[in-house]
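Shown below: run01.cif, with mmCIF, C-alpha atoms.
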data_target
loop_
_atom_site.label_atom_id
_atom_site.label_comp_id
_atom_site.auth_asym_id
_atom_site.auth_seq_id
_atom_site.Cartn_x
_atom_site.Cartn_y
_atom_site.Cartn_z
CA MET A 1 -9.44 10.02 41.20
CA SER A 2 -6.76 11.28 38.94
CA THR A 3 -6.51 14.94 38.07
CA LEU A 4 -7.74 14.27 34.55
CA GLN A 5 -10.81 12.54 35.85
CA ILE A 6 -11.57 15.44 38.17
CA ILE A 7 -11.25 17.85 35.28
CA ALA A 8 -13.48 15.70 33.07
CA ASN A 9 -16.01 15.42 35.87
CA VAL A 10 -16.20 19.16 36.49
CA TRP A 11 -16.23 19.80 32.76
CA ASP A 12 -19.29 17.56 32.25
CA LYS A 13 -21.14 18.62 35.34
CA HIS A 14 -20.91 22.32 34.51
CA LEU A 15 -21.55 21.91 30.78
CA MET A 16 -18.32 23.66 30.03
CA THR A 17 -18.34 22.80 26.33
CA MET A 18 -21.68 24.59 25.98
CA ARG A 19 -20.51 27.45 28.20
CA THR A 20 -17.36 27.88 26.11
CA ILE A 21 -19.41 28.01 22.92
CA GLU A 22 -21.76 30.54 24.51
CA HIS A 23 -18.78 32.53 25.66
CA LEU A 24 -17.16 32.61 22.25
CA GLN A 25 -20.48 33.38 20.58
CA MET A 26 -21.08 36.46 22.71
CA PHE A 27 -17.45 37.40 22.31
CA SER A 28 -17.46 37.19 18.52
CA ILE A 29 -20.72 39.10 18.13
CA ALA A 30 -19.41 41.81 20.42
CA LEU A 31 -16.03 42.02 18.72
CA LEU A 32 -17.55 42.09 15.25
CA LEU A 33 -19.93 44.90 16.19
CA SER A 34 -17.08 46.78 17.87
CA ILE A 35 -14.90 46.52 14.79
CA ILE A 36 -17.67 47.75 12.49
CA ILE A 37 -18.65 50.64 14.77
CA GLY A 38 -15.09 51.45 15.87
CA VAL A 39 -13.64 51.65 12.37
CA THR A 40 -16.64 53.67 11.18
CA VAL A 41 -16.21 56.13 14.04
CA GLY A 42 -12.48 56.30 13.37
CA VAL A 43 -12.96 57.05 9.68
CA PHE A 44 -15.71 59.55 10.49
CA ILE A 45 -13.59 61.58 12.91
CA TYR A 46 -10.76 61.45 10.43
CA MET A 47 -12.96 62.97 7.74
CA LYS A 48 -14.43 65.53 10.16
CA PRO A 49 -11.36 66.43 12.26
CA LYS A 50 -13.30 69.08 14.19
CA THR A 51 -15.35 66.40 15.90
CA ALA A 52 -12.32 64.26 16.76
CA ASN A 53 -11.54 65.81 20.13
CA THR A 54 -15.10 65.77 21.40
CA VAL A 55 -15.74 62.19 20.31
CA LEU A 56 -12.48 60.87 21.72
CA ASN A 57 -12.96 62.70 25.02
CA PHE A 58 -16.45 61.30 25.36
CA LEU A 59 -15.19 57.78 24.65
CA ASN A 60 -12.43 58.32 27.20
CA ILE A 61 -15.04 59.00 29.87
CA VAL A 62 -16.90 55.80 28.93
CA GLU A 63 -13.62 53.96 29.40
CA THR A 64 -13.30 55.04 33.04
CA ILE A 65 -16.65 53.49 34.03
CA PRO A 66 -16.06 50.25 35.95
CA ASP A 67 -17.06 47.37 33.67
CA LEU A 68 -19.55 45.82 36.04
CA ALA A 69 -21.15 49.22 36.70
CA LEU A 70 -21.57 49.77 32.96
CA ILE A 71 -23.27 46.40 32.49
CA VAL A 72 -25.50 47.16 35.45
CA LEU A 73 -26.41 50.57 34.04
CA LEU A 74 -27.46 48.90 30.81
CA LEU A 75 -29.54 46.27 32.61
CA PRO A 76 -32.73 48.31 33.04
CA ILE A 77 -32.58 49.32 29.37
CA LEU A 78 -31.65 46.02 27.75
CA LYS A 79 -33.01 43.54 30.32
CA LEU A 80 -31.30 40.38 31.56
CA GLY A 81 -29.47 38.15 29.15
CA ALA A 82 -26.67 38.67 26.68
CA GLY A 83 -27.79 42.17 25.60
CA PRO A 84 -26.19 44.34 28.30
CA THR A 85 -22.95 42.34 28.17
CA ILE A 86 -22.56 42.68 24.43
CA ALA A 87 -23.51 46.37 24.54
CA ALA A 88 -20.94 47.01 27.30
CA CYS A 89 -18.26 45.21 25.28
CA VAL A 90 -19.00 47.37 22.27
CA LEU A 91 -19.01 50.59 24.29
CA TYR A 92 -15.60 49.74 25.75
CA SER A 93 -14.11 48.62 22.48
CA ILE A 94 -15.06 51.60 20.35
CA LEU A 95 -12.34 53.80 21.87
CA PRO A 96 -9.26 51.66 21.21
CA ILE A 97 -10.40 50.79 17.69
CA ALA A 98 -11.58 54.31 16.75
CA ARG A 99 -8.49 55.97 18.25
CA ASN A 100 -6.10 53.62 16.49
CA THR A 101 -7.97 53.94 13.19
CA TYR A 102 -7.84 57.72 13.50
CA THR A 103 -4.13 57.77 14.41
CA GLY A 104 -3.37 55.29 11.66
CA LEU A 105 -5.22 57.26 8.97
CA LYS A 106 -3.59 60.48 10.07
CA GLY A 107 -0.15 58.91 10.20
CA VAL A 108 -0.11 57.84 6.55
CA ASP A 109 2.61 59.75 4.76
CA GLU A 110 1.24 62.55 2.52
CA GLN A 111 3.41 61.29 -0.35
CA TYR A 112 1.19 58.25 -0.78
CA THR A 113 -1.89 60.44 -1.07
CA TYR A 114 -0.14 62.59 -3.67
CA VAL A 115 0.78 59.50 -5.64
CA ALA A 116 -2.77 58.19 -5.35
CA HIS A 117 -4.05 61.53 -6.58
CA ALA A 118 -1.52 61.58 -9.40
CA ILE A 119 -2.55 58.18 -10.74
CA GLY A 120 -6.11 59.46 -10.83
CA MET A 121 -7.72 58.03 -7.71
CA SER A 122 -10.68 59.89 -6.26
CA PRO A 123 -10.36 60.90 -2.60
CA ARG A 124 -12.70 58.05 -1.71
CA GLU A 125 -10.58 55.53 -3.58
CA ALA A 126 -7.48 56.96 -1.98
CA LEU A 127 -9.07 56.43 1.42
CA PHE A 128 -10.14 52.85 0.81
CA LYS A 129 -7.27 51.66 -1.36
CA VAL A 130 -4.35 53.54 0.17
CA ARG A 131 -4.97 55.01 3.58
CA ILE A 132 -7.00 52.26 5.20
CA PRO A 133 -4.74 49.41 4.05
CA MET A 134 -1.72 51.39 5.21
CA SER A 135 -3.19 51.91 8.64
CA LEU A 136 -4.20 48.26 9.03
CA PRO A 137 -1.37 47.41 11.43
CA LEU A 138 -2.50 50.12 13.84
CA ILE A 139 -6.17 49.22 13.44
CA ALA A 140 -5.25 45.62 14.22
CA GLY A 141 -3.46 46.85 17.34
CA GLY A 142 -6.65 48.58 18.44
CA ILE A 143 -8.70 45.48 17.74
CA ARG A 144 -6.30 43.45 19.85
CA ILE A 145 -6.85 45.77 22.81
CA ALA A 146 -10.60 45.55 22.22
CA LEU A 147 -10.34 41.77 22.14
CA VAL A 148 -8.83 41.72 25.63
CA PHE A 149 -11.54 44.13 26.92
CA CYS A 150 -14.29 42.04 25.37
CA MET A 151 -12.95 38.83 26.85
CA GLY A 152 -13.02 40.46 30.29
CA VAL A 153 -16.51 41.89 29.94
CA VAL A 154 -17.99 38.70 28.46
CA THR A 155 -16.65 36.78 31.45
CA LEU A 156 -18.44 39.25 33.73
CA GLY A 157 -21.63 38.48 31.82
CA GLY A 158 -21.96 35.37 33.94
CA LEU A 159 -22.99 37.60 36.83
CA VAL A 160 -25.96 39.08 34.94
CA ALA A 161 -27.36 35.88 33.49
CA ALA A 162 -25.69 36.22 30.11
CA GLY A 163 -24.23 32.71 30.26
CA GLY A 164 -20.70 31.92 29.20
CA LEU A 165 -17.77 30.82 31.33
CA GLY A 166 -18.49 33.53 33.91
CA THR A 167 -21.52 31.49 34.98
CA VAL A 168 -19.32 28.53 35.85
CA LEU A 169 -16.99 30.78 37.84
CA GLN A 170 -19.96 32.30 39.66
CA ASN A 171 -21.34 28.87 40.52
CA GLY A 172 -17.94 27.74 41.73
CA ILE A 173 -17.56 30.74 44.03
CA GLN A 174 -21.08 30.57 45.40
CA LEU A 175 -20.88 26.83 46.09
CA TYR A 176 -17.28 27.26 47.23
CA GLN A 177 -16.03 24.41 45.03
CA LYS A 178 -12.33 25.00 44.66
CA ASP A 179 -11.76 22.59 41.79
CA VAL A 180 -14.53 24.18 39.72
CA ILE A 181 -13.11 27.66 40.30
CA LEU A 182 -9.59 26.59 39.43
CA ILE A 183 -10.54 24.69 36.30
CA ALA A 184 -12.93 27.33 34.97
CA GLY A 185 -10.59 30.18 35.93
CA LEU A 186 -7.54 28.65 34.31
CA TRP A 187 -9.51 27.67 31.22
CA THR A 188 -10.94 31.19 30.85
CA GLY A 189 -7.48 32.68 31.32
CA LEU A 190 -5.93 30.28 28.86
CA LEU A 191 -8.59 31.00 26.26
CA ALA A 192 -8.00 34.75 26.61
CA VAL A 193 -4.22 34.44 26.46
CA PHE A 194 -4.48 32.17 23.42
CA LEU A 195 -6.78 34.54 21.53
CA ASP A 196 -4.58 37.50 22.43
CA GLY A 197 -1.51 35.61 21.22
CA PHE A 198 -3.26 34.80 17.96
CA ALA A 199 -4.22 38.44 17.49
CA GLY A 200 -0.60 39.37 18.21
CA ILE A 201 0.58 37.13 15.38
CA VAL A 202 -1.95 38.65 12.97
CA GLU A 203 -0.85 42.12 14.01
CA LYS A 204 2.79 41.25 13.40
CA LYS A 205 2.03 39.82 9.97
CA LEU A 206 0.14 42.99 9.02
CA HIS A 207 3.08 45.06 10.22
CA GLU A 208 5.40 43.12 7.97
CA ARG A 209 3.06 43.54 5.01
CA TYR A 210 1.92 47.16 5.39
CA GLY A 211 4.04 48.73 8.12
CA THR A 212 6.26 51.60 7.12
CA TRP A 213 7.92 52.15 10.45
CA MET B 1 -34.67 51.86 48.97
CA VAL B 2 -31.05 52.20 49.89
CA ILE B 3 -30.11 54.20 52.93
CA LEU B 4 -27.61 56.97 52.26
CA GLU B 5 -25.47 55.82 55.16
CA THR B 6 -25.02 52.37 53.62
CA VAL B 7 -23.89 53.94 50.37
CA LEU B 8 -21.44 56.24 52.14
CA GLU B 9 -20.04 53.38 54.16
CA ALA B 10 -19.63 51.23 51.06
CA THR B 11 -18.00 54.14 49.24
CA TRP B 12 -15.51 54.55 52.07
CA GLU B 13 -14.71 50.80 52.03
CA HIS B 14 -14.25 51.05 48.29
CA ILE B 15 -11.89 54.00 48.59
CA VAL B 16 -9.83 52.24 51.25
CA LEU B 17 -9.62 49.11 49.13
CA VAL B 18 -8.60 50.93 45.95
CA TYR B 19 -6.05 53.27 47.52
CA THR B 20 -4.48 50.57 49.72
CA THR B 21 -3.92 48.45 46.66
CA LEU B 22 -2.68 51.31 44.56
CA PHE B 23 -0.14 52.49 47.12
CA VAL B 24 1.12 48.96 47.74
CA SER B 25 1.35 48.47 43.97
CA ILE B 26 3.29 51.70 43.53
CA ALA B 27 5.63 50.81 46.40
CA VAL B 28 6.32 47.43 44.80
CA SER B 29 6.51 48.56 41.17
CA ILE B 30 8.97 51.41 41.34
CA PRO B 31 11.85 49.42 42.87
CA LEU B 32 11.09 46.60 40.43
CA ALA B 33 11.18 49.02 37.49
CA PHE B 34 14.58 50.33 38.68
CA ALA B 35 15.82 46.77 39.07
CA ALA B 36 14.68 45.99 35.53
CA LEU B 37 16.96 48.80 34.35
CA TYR B 38 19.97 46.86 35.60
CA SER B 39 18.92 43.34 34.69
CA LYS B 40 17.93 42.37 31.17
CA LYS B 41 16.56 39.08 32.43
CA LEU B 42 14.22 40.73 34.92
CA GLU B 43 13.11 43.17 32.24
CA PHE B 44 12.23 40.31 29.90
CA VAL B 45 10.32 38.43 32.59
CA VAL B 46 8.42 41.53 33.78
CA MET B 47 7.42 42.63 30.28
CA LYS B 48 6.36 39.14 29.14
CA PHE B 49 4.43 38.51 32.33
CA ALA B 50 2.83 41.95 32.14
CA ASN B 51 1.42 41.35 28.70
CA LEU B 52 0.28 37.83 29.53
CA VAL B 53 -1.57 38.66 32.73
CA GLN B 54 -3.17 41.69 31.09
CA ALA B 55 -5.06 39.36 28.76
CA VAL B 56 -6.64 37.28 31.53
CA PRO B 57 -10.21 38.43 32.36
CA SER B 58 -10.44 40.15 35.76
CA PHE B 59 -13.24 37.88 36.87
CA ALA B 60 -11.01 34.85 36.30
CA VAL B 61 -8.24 36.49 38.36
CA VAL B 62 -10.67 37.31 41.16
CA ALA B 63 -12.15 33.80 41.09
CA ILE B 64 -8.80 32.03 41.22
CA MET B 65 -7.98 33.97 44.40
CA VAL B 66 -10.70 32.04 46.26
CA PRO B 67 -9.10 28.57 46.21
CA LEU B 68 -5.67 30.11 46.78
CA LEU B 69 -6.30 32.70 49.50
CA GLY B 70 -9.93 32.33 50.54
CA ILE B 71 -12.31 35.26 50.72
CA GLY B 72 -12.20 38.72 52.30
CA PHE B 73 -10.09 41.85 52.12
CA THR B 74 -6.62 40.36 51.57
CA PRO B 75 -7.46 38.14 48.56
CA ALA B 76 -9.25 41.14 47.07
CA VAL B 77 -6.15 43.30 47.50
CA VAL B 78 -4.00 40.62 45.88
CA ALA B 79 -6.42 40.21 42.96
CA ILE B 80 -6.53 43.96 42.33
CA MET B 81 -2.76 44.18 42.67
CA LEU B 82 -2.27 41.54 40.00
CA ARG B 83 -4.17 43.84 37.64
CA ALA B 84 -2.75 47.14 38.84
CA LEU B 85 0.94 46.28 39.25
CA LEU B 86 1.72 45.59 35.65
CA PRO B 87 0.68 48.84 33.97
CA ILE B 88 2.62 50.73 36.63
CA ILE B 89 5.80 48.67 36.30
CA LYS B 90 5.62 48.71 32.53
CA ASN B 91 5.08 52.45 32.23
CA THR B 92 7.63 53.33 34.91
CA TYR B 93 10.21 51.14 33.22
CA ILE B 94 9.48 52.70 29.84
CA GLY B 95 9.76 56.16 31.37
CA LEU B 96 13.01 55.36 33.19
CA SER B 97 14.68 53.74 30.20
CA ASN B 98 13.69 56.45 27.72
CA VAL B 99 15.46 59.31 29.48
CA ASP B 100 17.62 61.29 27.07
CA PRO B 101 21.10 59.73 27.32
CA ALA B 102 22.63 63.22 27.01
CA LEU B 103 21.03 64.15 30.34
CA ILE B 104 22.63 61.14 32.00
CA ASP B 105 25.98 62.09 30.48
CA TYR B 106 25.70 65.63 31.85
CA ALA B 107 24.81 64.26 35.27
CA GLU B 108 27.82 61.96 35.22
CA GLY B 109 29.93 64.86 34.01
CA ILE B 110 29.08 67.00 37.01
CA GLY B 111 29.91 64.06 39.27
CA LEU B 112 26.56 62.68 40.37
CA SER B 113 26.56 59.12 41.67
CA GLN B 114 24.39 56.38 40.14
CA TRP B 115 21.95 56.75 43.01
CA GLN B 116 21.71 60.52 42.56
CA ILE B 117 21.20 60.11 38.82
CA ASN B 118 18.36 57.70 39.45
CA ILE B 119 16.63 59.91 41.99
CA HIS B 120 17.22 63.35 40.48
CA ILE B 121 17.41 62.67 36.74
CA ARG B 122 15.72 59.43 35.79
CA LEU B 123 12.77 59.52 38.17
CA PRO B 124 11.51 63.07 37.46
CA ASN B 125 11.88 62.47 33.74
CA ALA B 126 9.84 59.31 34.04
CA TYR B 127 6.96 61.03 35.86
CA PRO B 128 4.68 61.59 32.84
CA ALA B 129 4.83 57.95 31.74
CA MET B 130 4.72 56.72 35.32
CA PHE B 131 1.64 58.71 36.25
CA ALA B 132 -0.09 57.70 33.04
CA GLY B 133 0.46 54.11 34.16
CA ILE B 134 -0.73 54.84 37.70
CA LYS B 135 -3.91 56.51 36.45
CA PHE B 136 -4.66 53.61 34.16
CA ALA B 137 -4.00 51.22 37.04
CA GLY B 138 -6.31 53.32 39.23
CA ILE B 139 -9.20 52.98 36.79
CA LEU B 140 -8.56 49.23 36.52
CA ALA B 141 -8.32 48.92 40.29
CA ASN B 142 -11.60 50.73 40.71
CA SER B 143 -13.42 48.39 38.34
CA VAL B 144 -11.87 45.26 39.79
CA ALA B 145 -12.74 46.51 43.28
CA VAL B 146 -16.42 46.49 42.27
CA LEU B 147 -16.00 42.88 41.28
CA THR B 148 -14.15 41.75 44.38
CA ALA B 149 -17.30 42.39 46.43
CA PHE B 150 -18.23 38.99 45.04
CA ILE B 151 -15.46 37.43 47.14
CA GLY B 152 -16.33 39.43 50.23
CA SER B 153 -14.18 42.55 50.06
CA GLY B 154 -17.09 44.88 50.73
CA GLY B 155 -17.32 48.19 48.91
CA LEU B 156 -19.72 49.48 46.30
CA GLY B 157 -19.86 46.16 44.50
CA GLU B 158 -21.78 44.77 47.45
CA ILE B 159 -24.63 47.19 46.82
CA ILE B 160 -24.57 46.33 43.12
CA PHE B 161 -24.78 42.62 43.89
CA GLN B 162 -27.64 43.24 46.29
CA GLY B 163 -29.42 45.08 43.52
CA LEU B 164 -28.72 42.23 41.11
CA ILE B 165 -30.13 39.58 43.42
CA GLY B 166 -33.33 41.54 44.00
CA TYR B 167 -33.24 42.99 40.47
CA ASN B 168 -33.83 46.41 41.97
CA THR B 169 -32.88 49.25 39.65
CA SER B 170 -32.52 51.94 42.30
CA THR B 171 -30.18 49.74 44.36
CA LEU B 172 -28.15 48.98 41.24
CA LEU B 173 -27.80 52.67 40.52
CA ALA B 174 -26.93 53.45 44.15
CA GLY B 175 -23.90 51.19 43.72
CA ALA B 176 -22.98 51.98 40.15
CA ILE B 177 -23.11 55.76 40.15
CA PRO B 178 -20.73 56.32 43.09
CA ALA B 179 -18.37 53.78 41.50
CA ILE B 180 -18.30 55.82 38.31
CA MET B 181 -17.73 59.05 40.23
CA LEU B 182 -14.89 57.41 42.15
CA ALA B 183 -13.16 56.50 38.89
CA ILE B 184 -13.09 60.15 37.93
CA LEU B 185 -11.96 61.14 41.42
CA ILE B 186 -9.06 58.68 41.38
CA ASP B 187 -7.91 60.05 38.05
CA LEU B 188 -8.10 63.63 39.35
CA SER B 189 -6.31 62.81 42.60
CA PHE B 190 -3.31 61.40 40.78
CA THR B 191 -3.26 64.30 38.35
CA MET B 192 -2.97 66.55 41.41
CA ILE B 193 -0.21 64.45 42.98
CA GLU B 194 1.64 64.50 39.67
CA LYS B 195 1.49 68.30 39.62
CA LYS B 196 2.73 68.45 43.22
CA VAL B 197 5.72 66.17 42.77
CA THR B 198 6.87 67.39 39.36
CA PRO B 199 9.73 69.83 39.98
CA GLY B 200 9.23 73.37 38.66
CA TYR B 201 11.85 73.15 35.94
CA MET B 202 10.07 70.16 34.40
CA LYS B 203 6.79 71.99 33.89
CA GLY B 204 5.87 74.02 30.88
#

Let me see the structure of the file written as structure tokens.
Amino acid sequence: MSTLQIIANVWDKHLMTMRTIEHLQMFSIALLLSIIIGVTVGVFIYMKPKTANTVLNFLNIVETIPDLALIVLLLPILKLGAGPTIAACVLYSILPIARNTYTGLKGVDEQYTYVAHAIGMSPREALFKVRIPMSLPLIAGGIRIALVFCMGVVTLGGLVAAGGLGTVLQNGIQLYQKDVILIAGLWTGLLAVFLDGFAGIVEKKLHERYGTW
Amino acid sequence: MVILETVLEATWEHIVLVYTTLFVSIAVSIPLAFAALYSKKLEFVVMKFANLVQAVPSFAVVAIMVPLLGIGFTPAVVAIMLRALLPIIKNTYIGLSNVDPALIDYAEGIGLSQWQINIHIRLPNAYPAMFAGIKFAGILANSVAVLTAFIGSGGLGEIIFQGLIGYNTSTLLAGAIPAIMLAILIDLSFTMIEKKVTPGYMKG
């Protein structure tokens, strides 16, 4: 059998098209939730600077928890399935997004706020029309980090019956089928590297459009 | 029910696994970071590779070790190293290359050799960045070490997997909670080492 045939065989047998879709589904839900929550937290701690240290320190502690341990801790609460995996992704991803949003908002030059004020913008308008757009490159940087985290955690989901490409990897290891492990592993890696590369391009474009440094 | 002794034994295995990998990674990374200072090509390769491998999910890295190296302690160490090496190299290199050029000039002015400059000027000045990288690598190593139990490395992950198979919450917690505490311990231990090795005139 040629290599291509082996790949096609493994691909069919382990339903990798379906697994990839599952994988990306979980991943996009998790990333979307993370972005919404992360940016909200970031804006919140920017508006209430007194809370910033406490919130960021707490999120830092969450970050040190081993990913599998976090999923496992969520298992009794959220039961088997995609729930714990997605929740773990979100918990991990809040920190990079919130921290970058906060740093970005704080880093916007005061001059722009003065100008915004001078042309009659309310503080809210100044936030949404000036500060947030200007901190987009940094926010995108945070989202890119979160994307890598999420990809890793979603892959782990295979171990707790969440589906996705992790399931194929788990099967391959348990049945000790080297070709399955190699194909699924390389495909998962490739997918992650590709998505990260894409996010990198978006980040660069935003830098060119909004970046001031 | 999980017996305390099993947990302690697994914790010890986990510690051995994480620290072995970390010290090997540090021993490999620091010379590489110095070498990258002198070779633009190596720097490019290391940085590109670092960013690329960082994006690959840990489970994929761990899984690919099985066809390549089999199962057990050694493949686990290699898998963890692949994750842990890169933040250390990257941060050490950044620390080494961002030393104030004036300091290097002074050092040359008082007649220090290249070697002496590297050891006495560049290295201590790179400590903050370097240790930040090591601590980050330590946290990564700890979480990947939980995972490598799946390919037979032993450690706390084994208890977690046992709990998963039987869907037993107390077993799951018996594995997960020590793993979380270890993460904090690893961070603290390197903070302490950093304080120890930083020369007095650098503090403050």

**Study point:** Selected residue, from A:Val55, A:Leu91, A:Ala199, A:Leu156, that lies nearest to chain B when counting only C-alpha atoms
**Key:**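 That would be A:Leu156, the residue with the smallest distance to chain B.
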
Practice item. Would you mind reading off the distance between atom CA of B:Ser29 and atom CA of B:Ile88, one decimal, in Å? Key: 6.4 Å

Review point. Which residue, B:Ile160, B:Ala84, B:Leu4, B:Ala107, has the smallest gap to chain A when you use only C-alpha atoms?
Key: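 Result for the nearest residue to chain A: B:Ile160.
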
Show me, as a Markdown table, the residues of chain B having an atom within 6 Å of chain A, each with the closest atom pair and its distance in Å, using all atoms listed in the file.
| residue | atom | partner | partner_atom | distance |
| --- | --- | --- | --- | --- |
| B:Ala55 | CA | A:Val148 | CA | 5.4 |
| B:Val56 | CA | A:Gly189 | CA | 4.7 |
| B:Pro57 | CA | A:Gly152 | CA | 4.0 |
| B:Ala60 | CA | A:Gly185 | CA | 4.7 |
| B:Ile64 | CA | A:Leu182 | CA | 5.8 |
| B:Pro67 | CA | A:Lys178 | CA | 5.1 |
| B:Ile139 | CA | A:Thr64 | CA | 5.9 |
| B:Ser143 | CA | A:Pro66 | CA | 4.0 |
| B:Ala176 | CA | A:Ala69 | CA | 4.8 |
| B:Ile180 | CA | A:Ile65 | CA | 5.1 |

Point to revise | Evaluate the PyMOL selection byres ((chain B and resi 32) around 10) and report residues as number ranges by chain | key: B: 26-31, 33-37, 42-43, 46, 89-90, 92-93

Exercise for review: Run through the PyMOL selection byres ((chain B and resi 122) around 9) on the given coordinates and return the selected residues as a count of residues only.
Suggested key: 17

Check what the PyMOL selection byres ((chain A and resi 101) around 12) selects in the file above and give those residues as an mmCIF file with C-alpha atoms, keeping the file's coordinate frame.
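What ended up in selection_10.cif:
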data_model
loop_
_atom_site.group_PDB
_atom_site.id
_atom_site.type_symbol
_atom_site.label_atom_id
_atom_site.label_comp_id
_atom_site.auth_asym_id
_atom_site.auth_seq_id
_atom_site.Cartn_x
_atom_site.Cartn_y
_atom_site.Cartn_z
ATOM 1 C CA ILE A 35 -14.900 46.520 14.790
ATOM 2 C CA ILE A 36 -17.670 47.750 12.490
ATOM 3 C CA ILE A 37 -18.650 50.640 14.770
ATOM 4 C CA GLY A 38 -15.090 51.450 15.870
ATOM 5 C CA VAL A 39 -13.640 51.650 12.370
ATOM 6 C CA THR A 40 -16.640 53.670 11.180
ATOM 7 C CA VAL A 41 -16.210 56.130 14.040
ATOM 8 C CA GLY A 42 -12.480 56.300 13.370
ATOM 9 C CA VAL A 43 -12.960 57.050 9.680
ATOM 10 C CA PHE A 44 -15.710 59.550 10.490
ATOM 11 C CA ILE A 45 -13.590 61.580 12.910
ATOM 12 C CA TYR A 46 -10.760 61.450 10.430
ATOM 13 C CA MET A 47 -12.960 62.970 7.740
ATOM 14 C CA ALA A 52 -12.320 64.260 16.760
ATOM 15 C CA LEU A 56 -12.480 60.870 21.720
ATOM 16 C CA ILE A 94 -15.060 51.600 20.350
ATOM 17 C CA LEU A 95 -12.340 53.800 21.870
ATOM 18 C CA PRO A 96 -9.260 51.660 21.210
ATOM 19 C CA ILE A 97 -10.400 50.790 17.690
ATOM 20 C CA ALA A 98 -11.580 54.310 16.750
ATOM 21 C CA ARG A 99 -8.490 55.970 18.250
ATOM 22 C CA ASN A 100 -6.100 53.620 16.490
ATOM 23 C CA TYR A 102 -7.840 57.720 13.500
ATOM 24 C CA THR A 103 -4.130 57.770 14.410
ATOM 25 C CA GLY A 104 -3.370 55.290 11.660
ATOM 26 C CA LEU A 105 -5.220 57.260 8.970
ATOM 27 C CA LYS A 106 -3.590 60.480 10.070
ATOM 28 C CA GLY A 107 -0.150 58.910 10.200
ATOM 29 C CA VAL A 108 -0.110 57.840 6.550
ATOM 30 C CA ARG A 131 -4.970 55.010 3.580
ATOM 31 C CA ILE A 132 -7.000 52.260 5.200
ATOM 32 C CA PRO A 133 -4.740 49.410 4.050
ATOM 33 C CA MET A 134 -1.720 51.390 5.210
ATOM 34 C CA SER A 135 -3.190 51.910 8.640
ATOM 35 C CA LEU A 136 -4.200 48.260 9.030
ATOM 36 C CA PRO A 137 -1.370 47.410 11.430
ATOM 37 C CA LEU A 138 -2.500 50.120 13.840
ATOM 38 C CA ILE A 139 -6.170 49.220 13.440
ATOM 39 C CA ALA A 140 -5.250 45.620 14.220
ATOM 40 C CA GLY A 141 -3.460 46.850 17.340
ATOM 41 C CA GLY A 142 -6.650 48.580 18.440
ATOM 42 C CA ILE A 143 -8.700 45.480 17.740
#

Point to revise | Shortest interatomic distance to B:Ala149 - which of B:Ser113, B:Thr191, B:Thr198, B:Gln162, counting all atoms listed in the file | key: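 The answer is B:Gln162, which sits nearest to B:Ala149.
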
Practice item. Would you kindly return, as number ranges by chain, each protein, DNA or RNA residue with an atom no farther than 10 Å from any atom of B:Ser25, considering all atoms listed in the file and excluding same-chain residues fewer than 6 positions away? Key: B: 19, 77-78, 80-86, 88-89, 134, 137

Exercise for review: Please indicate the distance in Å from atom CA of A:Ala87 to atom CA of A:Lys204, rounded to one decimal place.
Suggested key: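 Interatomic distance here is 29.0 Å.
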
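Atom CA of B:Ile71 to atom CA of B:Ile151 spans 5.2 Å [interatomic distance, one decimal].
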
Point to revise | Expected answer as a ChimeraX atom specification: all residues with atoms within 10 Å of (-6.1, 59.6, 37.6), all atoms listed in the file | key: /A:64 /B:131-139,183-194

**Study point:** Protein/DNA/RNA residues near (-10.1, 44.3, 43.8), cut 8 Å, only C-alpha atoms, as a list of chain:residue names
**Key:**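 With a cut-off of 8 Å, the residues come to B:Leu17, B:Val18, B:Thr21, B:Val62, B:Ala76, B:Val77, B:Val78, B:Ala79, B:Ile80, B:Met81, B:Ala141, B:Asn142, B:Ser143, B:Val144, B:Ala145, B:Val146, B:Leu147, B:Thr148, B:Ala149, B:Ser153.
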
Work out where the centre of an axis-aligned box around every listed atom of stretch 155-174 of chain B lies and how long its edges are once 5 Å is added on each side; give both in Å to one decimal as JSON.
{"center_x": -25.6, "center_y": 46.5, "center_z": 44.3, "size_x": 26.5, "size_y": 23.9, "size_z": 19.3}

Point to revise | Nearest to A:Leu32, chosen from A:Asn9, A:Ser93, A:Thr85, A:Thr54, with only C-alpha atoms counted in the distances | key: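 That would be A:Ser93, the residue with the smallest distance to A:Leu32.
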
**Study point:** Residue among B:Ser58, B:Thr6, B:Asn51, B:Gln116 lying closest to B:Leu140, counting all atoms listed in the file
**Key:** B:Ser58

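Considering only C-alpha atoms, the residue among B:Ala50, B:Ile3, B:Val66, B:Ala10 positioned nearest to B:Leu156 is B:Ala10.
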
Missing atoms of stretch 107-111 of chain B rebuilt to N, CA and C atoms, written as an mmCIF file, in the frame of the given file:
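Done, and the output landed in selection08.cif:
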data_model
loop_
_atom_site.group_PDB
_atom_site.id
_atom_site.type_symbol
_atom_site.label_atom_id
_atom_site.label_comp_id
_atom_site.auth_asym_id
_atom_site.auth_seq_id
_atom_site.Cartn_x
_atom_site.Cartn_y
_atom_site.Cartn_z
ATOM 1 N N ALA B 107 24.857 64.534 33.835
ATOM 2 C CA ALA B 107 24.810 64.260 35.270
ATOM 3 C C ALA B 107 26.097 63.581 35.713
ATOM 4 N N GLU B 108 26.565 62.625 34.873
ATOM 5 C CA GLU B 108 27.820 61.960 35.220
ATOM 6 C C GLU B 108 28.966 62.961 35.164
ATOM 7 N N GLY B 109 28.881 63.853 34.192
ATOM 8 C CA GLY B 109 29.930 64.860 34.010
ATOM 9 C C GLY B 109 30.075 65.767 35.214
ATOM 10 N N ILE B 110 28.949 66.125 35.847
ATOM 11 C CA ILE B 110 29.080 67.000 37.010
ATOM 12 C C ILE B 110 29.263 66.191 38.290
ATOM 13 N N GLY B 111 29.487 64.874 38.140
ATOM 14 C CA GLY B 111 29.910 64.060 39.270
ATOM 15 C C GLY B 111 28.811 63.496 40.142
#
